[in-house]
Amino acid sequence: MKTSTWRNLIVSGVGLLAAVNAGAWDGTGHMLVAQVARERMSSQTVARVDALAALLDNNGTPYNGVSIACWPDDIKSRDSKSTFQGQFRTWHYIDIGCLPTDPDVLSHAPELTRTNGDVIAALNHCISVIKSKKADELVPNEAVALALLVHFVGDIHQPLHTTARYNPDPKPDDKYKDDAGGNGVSLANLADTPWSKNLHTFWDEAYRRYYENGEVRALPELQEATALGSPEMQEWLKKLAPDAPTKPDLQFDAKKYVLEAHTLACAEVYGTLNEPYGAKNVKLSEKYVTRSAEIARRQIVLAGYRLAALLNELYGK
């Protein structure tokens, strides 16, 4: 999953910045999900999403139908003056383990509050708020519900927002019980990032990562204020097209989608990494980086397709 004590635990050796870097995909990735969805949304749905996005604000920054996907991460910043600053942090992920002996977090979900809960319960709650047209003490209005929904659909397609590797040999005095969705796996060759150099950060950006001369480099990000309708956005849509799924399952089911991404995390993210629990200064191979980029791009497009289907159901009638 993603955040660490922002997800309630900052893993030793990851550092304080990991607590800020809580976004599943990075901002560009989330906007790509929203743009892919926008391409498949009805005009009625687009109009409603744009109208609700315009009601949001963070430090004077306006939002549109694509940048709305960034709002739930933007309000996490300590610099945010939003009344929602620091809230909904645990709603972005769920820590499902890969081994049958790991904690059963699906059957023992925490109560959903503004500072507790998981992404499955949070996403379903936001959908309920929009369908019922009844806000509550958790989600105070439809604009917030929509922003969270758009973001969380992206989150549940990032494999490390659905999965954590648990310590297979825990000791009574251990400070942490798991690796916080890869935040505890430090990387030796992750370049071009202001965040902590760990496996979770890599997967947040895997769709725009490439291998060059032994280092894992990154393609440029889109700018939140100008991404919608920009030539750079159109270029990204072209980059994503080859990895688009051909027959996606669009019958929305948050738990099912989480378990799909979880399977990817166990088999690909951790499985092909081939490193033990607690590994540090891991060097990613060119093969791993290339394969991860393909998976991440497919997941972003899949998230966009599913987001469009859901929003058309909610607003397109």
# chains A, B, ... in the order shown; residues from 1 in each chain; ligands from 1
$ residues_around --residues "Asp74 in chain A" --least-positions-apart "6" --cutoff "12 Å" --atoms "only C-alpha atoms" --output "VMD selection string"
chain A and resid 20 to 23 26 to 27 30 56 to 63 67 to 68 80 to 82 84 to 89 147 to 148 151 224
$ write_last_selection --atoms "N, CA and C atoms" --output "short mmCIF file (atom, residue, chain, number, x, y, z; two decimals), in the first residue's frame"
data_model
loop_
_atom_site.label_atom_id
_atom_site.label_comp_id
_atom_site.auth_asym_id
_atom_site.auth_seq_id
_atom_site.Cartn_x
_atom_site.Cartn_y
_atom_site.Cartn_z
N VAL A 20 5.81 11.75 3.65
CA VAL A 20 5.13 12.72 2.80
C VAL A 20 4.74 12.08 1.47
N ASN A 21 5.56 11.16 1.02
CA ASN A 21 5.34 10.56 -0.29
C ASN A 21 4.29 9.49 -0.21
N ALA A 22 3.03 9.91 -0.20
CA ALA A 22 1.97 8.95 0.05
C ALA A 22 1.05 8.76 -1.11
N GLY A 23 1.48 8.90 -2.32
CA GLY A 23 0.53 8.99 -3.40
C GLY A 23 0.25 7.82 -4.28
N ASP A 26 2.41 8.73 -8.71
CA ASP A 26 2.72 10.13 -8.46
C ASP A 26 1.64 11.00 -9.10
N GLY A 27 1.79 12.32 -9.01
CA GLY A 27 0.75 13.21 -9.53
C GLY A 27 0.48 12.99 -11.00
N HIS A 30 -1.56 9.78 -11.51
CA HIS A 30 -2.97 9.96 -11.17
C HIS A 30 -3.70 10.79 -12.24
N LEU A 56 -13.27 22.58 -5.57
CA LEU A 56 -12.17 22.24 -4.68
C LEU A 56 -11.09 23.31 -4.71
N ASP A 57 -10.32 23.37 -3.64
CA ASP A 57 -9.26 24.36 -3.55
C ASP A 57 -8.21 23.86 -2.57
N ASN A 58 -6.98 24.24 -2.80
CA ASN A 58 -5.90 23.94 -1.85
C ASN A 58 -4.86 25.05 -1.97
N ASN A 59 -4.76 25.86 -0.96
CA ASN A 59 -3.80 26.99 -0.98
C ASN A 59 -4.02 27.89 -2.18
N GLY A 60 -5.27 28.06 -2.57
CA GLY A 60 -5.58 28.94 -3.69
C GLY A 60 -5.43 28.31 -5.05
N THR A 61 -5.07 27.03 -5.09
CA THR A 61 -4.91 26.32 -6.36
C THR A 61 -6.25 25.76 -6.81
N PRO A 62 -6.74 26.13 -7.99
CA PRO A 62 -8.00 25.56 -8.49
C PRO A 62 -7.76 24.18 -9.09
N TYR A 63 -8.83 23.43 -9.24
CA TYR A 63 -8.74 22.08 -9.79
C TYR A 63 -9.67 21.95 -10.99
N SER A 67 -6.84 17.34 -12.86
CA SER A 67 -6.03 17.60 -11.67
C SER A 67 -6.75 17.24 -10.37
N ILE A 68 -8.07 17.07 -10.44
CA ILE A 68 -8.83 16.62 -9.25
C ILE A 68 -8.23 15.35 -8.68
N SER A 80 -0.09 22.52 3.27
CA SER A 80 -1.48 22.70 2.87
C SER A 80 -2.26 23.45 3.94
N LYS A 81 -3.07 24.40 3.49
CA LYS A 81 -3.93 25.13 4.41
C LYS A 81 -5.37 24.65 4.31
N SER A 82 -5.55 23.52 3.64
CA SER A 82 -6.87 22.94 3.52
C SER A 82 -7.40 22.52 4.88
N PHE A 84 -8.86 19.99 5.34
CA PHE A 84 -8.73 18.53 5.35
C PHE A 84 -7.28 18.09 5.47
N GLN A 85 -6.37 19.03 5.74
CA GLN A 85 -4.95 18.70 5.80
C GLN A 85 -4.70 17.55 6.78
N GLY A 86 -3.98 16.52 6.28
CA GLY A 86 -3.61 15.41 7.14
C GLY A 86 -4.67 14.35 7.32
N GLN A 87 -5.85 14.56 6.71
CA GLN A 87 -6.92 13.59 6.87
C GLN A 87 -6.92 12.59 5.71
N PHE A 88 -7.62 11.49 5.91
CA PHE A 88 -7.79 10.43 4.90
C PHE A 88 -6.48 9.70 4.58
N ARG A 89 -5.46 9.82 5.39
CA ARG A 89 -4.16 9.25 5.05
C ARG A 89 -4.21 7.73 4.88
N ALA A 147 -13.34 13.60 -5.58
CA ALA A 147 -11.88 13.68 -5.61
C ALA A 147 -11.25 12.43 -5.01
N LEU A 148 -11.79 12.00 -3.88
CA LEU A 148 -11.27 10.80 -3.24
C LEU A 148 -11.51 9.57 -4.11
N HIS A 151 -9.11 9.45 -7.10
CA HIS A 151 -7.75 9.12 -6.63
C HIS A 151 -7.65 7.66 -6.21
N GLU A 224 0.70 19.93 -12.82
CA GLU A 224 -0.69 19.83 -12.41
C GLU A 224 -1.56 20.94 -13.01
#
$ residues_around --residues "Glu212 in chain A" --least-positions-apart "4" --cutoff "9 Å" --atoms "only C-alpha atoms" --output "number ranges by chain"
A: 216-217, 286
$ closest_residue --among "A:Lys283, A:His92, A:Arg208, A:Arg48" --to "Ala122 in chain A" --atoms "only C-alpha atoms"
A:His92
$ residues_around --residues "Val289 in chain A" --least-positions-apart "6" --cutoff "9 Å" --atoms "only C-alpha atoms" --output "list in words"
Ala206, Arg209, Tyr210, Tyr211 and Val216 of chain A
$ residues_around --residues "range 239-253 of chain A" --least-positions-apart "2" --cutoff "12 Å" --atoms "only C-alpha atoms" --output "PyMOL selection string"
chain A and resi 29+32-33+35-36+120-121+123-124+127+153+156+207-208+219+232-237+255-260+291-314
$ write_last_selection --atoms "N, CA and C atoms" --output "compact mmCIF listing (two decimals), in the first residue's frame"
# COMPACT_ATOMS: atom_id res chain seq x y z
N GLY A 29 0.93 10.25 -12.73
CA GLY A 29 0.25 8.97 -12.90
C GLY A 29 -1.24 9.08 -12.60
N LEU A 32 -2.92 10.88 -15.38
CA LEU A 32 -3.07 10.02 -16.54
C LEU A 32 -4.28 9.10 -16.38
N VAL A 33 -4.49 8.57 -15.20
CA VAL A 33 -5.69 7.77 -14.94
C VAL A 33 -6.94 8.59 -15.25
N GLN A 35 -7.21 11.27 -17.12
CA GLN A 35 -7.31 11.63 -18.54
C GLN A 35 -7.78 10.44 -19.38
N VAL A 36 -7.25 9.26 -19.10
CA VAL A 36 -7.71 8.06 -19.79
C VAL A 36 -9.22 7.88 -19.57
N ILE A 120 -10.40 -0.03 0.50
CA ILE A 120 -11.63 -0.69 0.05
C ILE A 120 -12.84 -0.05 0.69
N ALA A 121 -12.80 0.06 2.01
CA ALA A 121 -13.93 0.68 2.72
C ALA A 121 -14.10 2.14 2.32
N LEU A 123 -13.22 3.70 -0.53
CA LEU A 123 -13.73 3.84 -1.90
C LEU A 123 -15.21 3.51 -1.95
N ASN A 124 -15.61 2.44 -1.33
CA ASN A 124 -17.03 2.08 -1.32
C ASN A 124 -17.87 3.14 -0.61
N ILE A 127 -18.39 6.10 -3.02
CA ILE A 127 -19.40 5.75 -4.02
C ILE A 127 -20.79 5.87 -3.42
N VAL A 153 -9.42 5.04 -7.06
CA VAL A 153 -9.45 4.08 -8.16
C VAL A 153 -8.05 3.93 -8.75
N ILE A 156 -5.82 1.75 -6.12
CA ILE A 156 -6.00 0.30 -6.02
C ILE A 156 -5.44 -0.45 -7.22
N TYR A 207 5.79 3.64 -14.31
CA TYR A 207 5.30 3.84 -15.68
C TYR A 207 6.20 4.80 -16.47
N ARG A 208 6.95 5.66 -15.79
CA ARG A 208 7.83 6.61 -16.50
C ARG A 208 9.32 6.39 -16.16
N LEU A 219 11.33 9.76 -16.83
CA LEU A 219 10.85 10.74 -17.79
C LEU A 219 10.22 11.91 -17.05
N GLU A 232 1.88 17.59 -23.97
CA GLU A 232 2.59 16.59 -23.17
C GLU A 232 1.64 15.47 -22.72
N MET A 233 0.41 15.85 -22.37
CA MET A 233 -0.58 14.84 -21.99
C MET A 233 -0.90 13.94 -23.18
N GLN A 234 -1.05 14.52 -24.35
CA GLN A 234 -1.35 13.72 -25.54
C GLN A 234 -0.20 12.76 -25.87
N GLU A 235 1.04 13.22 -25.65
CA GLU A 235 2.18 12.34 -25.88
C GLU A 235 2.16 11.16 -24.91
N TRP A 236 1.75 11.43 -23.68
CA TRP A 236 1.68 10.35 -22.70
C TRP A 236 0.60 9.34 -23.08
N LEU A 237 -0.51 9.80 -23.58
CA LEU A 237 -1.57 8.88 -24.00
C LEU A 237 -1.06 7.95 -25.11
N LYS A 255 -12.95 -4.54 -4.02
CA LYS A 255 -12.20 -5.65 -3.42
C LYS A 255 -11.58 -6.52 -4.49
N LYS A 256 -12.32 -6.83 -5.54
CA LYS A 256 -11.80 -7.66 -6.62
C LYS A 256 -10.61 -6.99 -7.29
N TYR A 257 -10.70 -5.70 -7.54
CA TYR A 257 -9.61 -4.98 -8.19
C TYR A 257 -8.38 -4.92 -7.28
N VAL A 258 -8.61 -4.75 -5.99
CA VAL A 258 -7.50 -4.76 -5.04
C VAL A 258 -6.77 -6.11 -5.08
N LEU A 259 -7.54 -7.18 -5.10
CA LEU A 259 -6.93 -8.51 -5.10
C LEU A 259 -6.18 -8.78 -6.41
N GLU A 260 -6.66 -8.22 -7.52
CA GLU A 260 -5.91 -8.33 -8.78
C GLU A 260 -4.54 -7.69 -8.65
N ARG A 291 10.07 -4.44 -17.32
CA ARG A 291 8.85 -5.18 -17.05
C ARG A 291 7.91 -4.38 -16.15
N SER A 292 8.46 -3.72 -15.16
CA SER A 292 7.65 -2.92 -14.23
C SER A 292 6.96 -1.77 -14.95
N ALA A 293 7.66 -1.14 -15.87
CA ALA A 293 7.08 -0.04 -16.63
C ALA A 293 5.89 -0.53 -17.45
N GLU A 294 6.02 -1.69 -18.06
CA GLU A 294 4.92 -2.26 -18.85
C GLU A 294 3.71 -2.55 -17.96
N ILE A 295 3.96 -3.15 -16.81
CA ILE A 295 2.87 -3.47 -15.89
C ILE A 295 2.19 -2.19 -15.40
N ALA A 296 3.00 -1.21 -15.01
CA ALA A 296 2.46 0.03 -14.46
C ALA A 296 1.63 0.77 -15.50
N ARG A 297 2.09 0.81 -16.73
CA ARG A 297 1.32 1.50 -17.77
C ARG A 297 0.00 0.80 -18.04
N ARG A 298 0.04 -0.51 -18.05
CA ARG A 298 -1.22 -1.24 -18.22
C ARG A 298 -2.16 -0.95 -17.07
N GLN A 299 -1.65 -0.93 -15.86
CA GLN A 299 -2.49 -0.68 -14.69
C GLN A 299 -3.09 0.73 -14.71
N ILE A 300 -2.34 1.70 -15.18
CA ILE A 300 -2.86 3.06 -15.27
C ILE A 300 -4.00 3.14 -16.27
N VAL A 301 -3.82 2.51 -17.44
CA VAL A 301 -4.89 2.52 -18.44
C VAL A 301 -6.11 1.75 -17.92
N LEU A 302 -5.88 0.61 -17.29
CA LEU A 302 -6.97 -0.19 -16.75
C LEU A 302 -7.74 0.60 -15.70
N ALA A 303 -7.01 1.31 -14.83
CA ALA A 303 -7.67 2.15 -13.83
C ALA A 303 -8.52 3.22 -14.50
N GLY A 304 -8.01 3.82 -15.58
CA GLY A 304 -8.77 4.84 -16.30
C GLY A 304 -10.03 4.28 -16.92
N TYR A 305 -9.94 3.12 -17.54
CA TYR A 305 -11.12 2.48 -18.12
C TYR A 305 -12.18 2.21 -17.06
N ARG A 306 -11.73 1.68 -15.93
CA ARG A 306 -12.68 1.34 -14.86
C ARG A 306 -13.25 2.59 -14.20
N LEU A 307 -12.43 3.63 -14.08
CA LEU A 307 -12.92 4.88 -13.53
C LEU A 307 -14.00 5.47 -14.44
N ALA A 308 -13.78 5.44 -15.74
CA ALA A 308 -14.76 5.97 -16.69
C ALA A 308 -16.08 5.21 -16.58
N ALA A 309 -16.00 3.89 -16.52
CA ALA A 309 -17.22 3.09 -16.42
C ALA A 309 -17.99 3.42 -15.15
N LEU A 310 -17.27 3.59 -14.05
CA LEU A 310 -17.91 3.92 -12.77
C LEU A 310 -18.54 5.31 -12.82
N LEU A 311 -17.80 6.30 -13.31
CA LEU A 311 -18.33 7.67 -13.35
C LEU A 311 -19.49 7.79 -14.33
N ASN A 312 -19.44 7.08 -15.44
CA ASN A 312 -20.58 7.10 -16.35
C ASN A 312 -21.82 6.51 -15.71
N GLU A 313 -21.61 5.48 -14.88
CA GLU A 313 -22.74 4.90 -14.15
C GLU A 313 -23.32 5.90 -13.15
N LEU A 314 -22.42 6.65 -12.50
CA LEU A 314 -22.87 7.59 -11.46
C LEU A 314 -23.46 8.87 -12.04
$ select_by_dssp --residues "range 104-314 of chain A" --states "strand (DSSP E or B)" --output "list in words"
Thr113, Asn116, Thr163, Tyr166, Asp178, Ser186, Leu187, Leu190, Asn198, Arg209, Tyr210, Tyr211, Glu212, Glu215, Val216, Arg217, Ala218 and Val282 of chain A
$ residues_around --residues "Pro110 in chain A" --least-positions-apart "4" --cutoff "12 Å" --atoms "only C-alpha atoms" --output "PyMOL selection string"
chain A and resi 90-91+94-95+104-106+114-122
$ residues_around --residues "Val150 in chain A" --least-positions-apart "4" --cutoff "7 Å" --atoms "only C-alpha atoms" --output "list in words"
Ala69, Leu146, Gly154 and Leu307 of chain A
$ write_last_selection --atoms "N, CA, C and O atoms" --output "PDB file, in the first residue's frame"
ATOM      1  N   ALA A  69      -7.610  14.543  -9.545  1.00  0.00           N
ATOM      2  CA  ALA A  69      -7.006  13.286  -9.090  1.00  0.00           C
ATOM      3  C   ALA A  69      -5.868  13.513  -8.109  1.00  0.00           C
ATOM      4  O   ALA A  69      -5.500  12.606  -7.352  1.00  0.00           O
ATOM      5  N   LEU A 146     -15.964  12.847  -4.759  1.00  0.00           N
ATOM      6  CA  LEU A 146     -15.490  12.581  -6.117  1.00  0.00           C
ATOM      7  C   LEU A 146     -13.972  12.602  -6.192  1.00  0.00           C
ATOM      8  O   LEU A 146     -13.362  11.725  -6.822  1.00  0.00           O
ATOM      9  N   GLY A 154      -7.313   5.029  -8.829  1.00  0.00           N
ATOM     10  CA  GLY A 154      -5.915   4.930  -9.232  1.00  0.00           C
ATOM     11  C   GLY A 154      -5.090   4.154  -8.227  1.00  0.00           C
ATOM     12  O   GLY A 154      -4.293   3.273  -8.593  1.00  0.00           O
ATOM     13  N   LEU A 307     -12.435   3.628 -14.081  1.00  0.00           N
ATOM     14  CA  LEU A 307     -12.922   4.883 -13.532  1.00  0.00           C
ATOM     15  C   LEU A 307     -14.002   5.472 -14.439  1.00  0.00           C
ATOM     16  O   LEU A 307     -15.046   5.948 -13.964  1.00  0.00           O
TER      17      LEU A 307
END
$ atom_distance --atom1 "CA of Tyr277 in chain A" --atom2 "CA of Trp195 in chain A"
21.6 Å
$ atom_distance --atom1 "CA of Ile96 in chain A" --atom2 "CA of Thr162 in chain A"
6.1 Å
$ select_by_dssp --residues "range 1-220 of chain A" --states "helix (DSSP H, G or I)" --output "tab-separated table (two decimals) with C-alpha atoms, in the first residue's frame"
chain	number	residue	atom	x	y	z
A	16	LEU	CA	11.11	11.30	7.00
A	17	LEU	CA	10.33	12.04	3.37
A	18	ALA	CA	8.62	8.69	3.06
A	19	ALA	CA	5.94	10.04	5.35
A	27	GLY	CA	0.75	13.21	-9.53
A	28	THR	CA	1.37	12.58	-13.22
A	29	GLY	CA	0.25	8.97	-12.90
A	30	HIS	CA	-2.97	9.96	-11.17
A	31	MET	CA	-3.69	12.59	-13.83
A	32	LEU	CA	-3.07	10.02	-16.54
A	33	VAL	CA	-5.69	7.77	-14.94
A	34	ALA	CA	-8.12	10.70	-14.93
A	35	GLN	CA	-7.31	11.63	-18.54
A	36	VAL	CA	-7.71	8.06	-19.79
A	37	ALA	CA	-11.09	8.00	-18.05
A	38	ARG	CA	-12.05	11.38	-19.51
A	39	GLU	CA	-11.51	10.05	-23.03
A	40	ARG	CA	-14.20	7.40	-22.36
A	43	SER	CA	-20.24	14.60	-22.17
A	44	GLN	CA	-22.70	14.67	-19.29
A	45	THR	CA	-20.23	12.92	-17.01
A	46	VAL	CA	-17.37	15.22	-18.06
A	47	ALA	CA	-19.50	18.29	-17.32
A	48	ARG	CA	-20.42	17.04	-13.85
A	49	VAL	CA	-16.85	16.07	-12.97
A	50	ASP	CA	-15.56	19.47	-14.14
A	51	ALA	CA	-18.20	21.31	-12.14
A	52	LEU	CA	-17.40	19.44	-8.94
A	53	ALA	CA	-13.65	19.77	-9.44
A	67	SER	CA	-6.03	17.60	-11.67
A	68	ILE	CA	-8.83	16.62	-9.25
A	69	ALA	CA	-7.01	13.29	-9.09
A	70	CYS	CA	-4.15	15.03	-7.23
A	71	TRP	CA	-6.25	16.73	-4.54
A	72	PRO	CA	-6.17	13.86	-2.01
A	73	ASP	CA	-2.35	13.87	-2.08
A	74	ASP	CA	-2.05	17.66	-2.21
A	89	ARG	CA	-4.16	9.25	5.05
A	90	THR	CA	-4.89	5.57	5.71
A	91	TRP	CA	-7.65	5.54	3.09
A	92	HIS	CA	-5.12	5.22	0.25
A	119	VAL	CA	-8.89	1.90	0.64
A	120	ILE	CA	-11.63	-0.69	0.05
A	121	ALA	CA	-13.93	0.68	2.72
A	122	ALA	CA	-13.05	4.27	1.81
A	123	LEU	CA	-13.73	3.84	-1.90
A	124	ASN	CA	-17.03	2.08	-1.32
A	125	HIS	CA	-18.04	4.80	1.13
A	126	CYS	CA	-17.32	7.56	-1.40
A	127	ILE	CA	-19.40	5.75	-4.02
A	128	SER	CA	-22.24	5.47	-1.51
A	129	VAL	CA	-22.08	9.19	-0.73
A	130	ILE	CA	-22.36	10.07	-4.42
A	131	LYS	CA	-25.12	7.57	-5.14
A	132	SER	CA	-27.21	8.57	-2.13
A	142	GLU	CA	-19.90	15.49	-3.20
A	143	ALA	CA	-16.81	17.30	-4.50
A	144	VAL	CA	-14.64	15.73	-1.81
A	145	ALA	CA	-16.26	12.34	-2.41
A	146	LEU	CA	-15.49	12.58	-6.12
A	147	ALA	CA	-11.88	13.68	-5.61
A	148	LEU	CA	-11.27	10.80	-3.24
A	149	LEU	CA	-13.01	8.33	-5.54
A	150	VAL	CA	-10.98	9.38	-8.60
A	151	HIS	CA	-7.75	9.12	-6.63
A	152	PHE	CA	-8.54	5.82	-4.92
A	153	VAL	CA	-9.45	4.08	-8.16
A	154	GLY	CA	-5.91	4.93	-9.23
A	155	ASP	CA	-4.50	3.79	-5.90
A	159	PRO	CA	0.29	-2.98	-6.65
A	160	LEU	CA	2.10	-1.65	-3.59
A	161	HIS	CA	-1.03	0.15	-2.40
A	199	LEU	CA	10.76	0.25	-3.85
A	200	HIS	CA	7.47	1.99	-3.18
A	201	THR	CA	8.70	5.23	-4.72
A	202	PHE	CA	9.91	3.31	-7.75
A	203	TRP	CA	6.50	1.73	-8.27
A	204	ASP	CA	4.71	5.06	-7.84
A	206	ALA	CA	7.36	2.87	-12.63
A	207	TYR	CA	5.30	3.84	-15.68
A	208	ARG	CA	7.83	6.61	-16.50
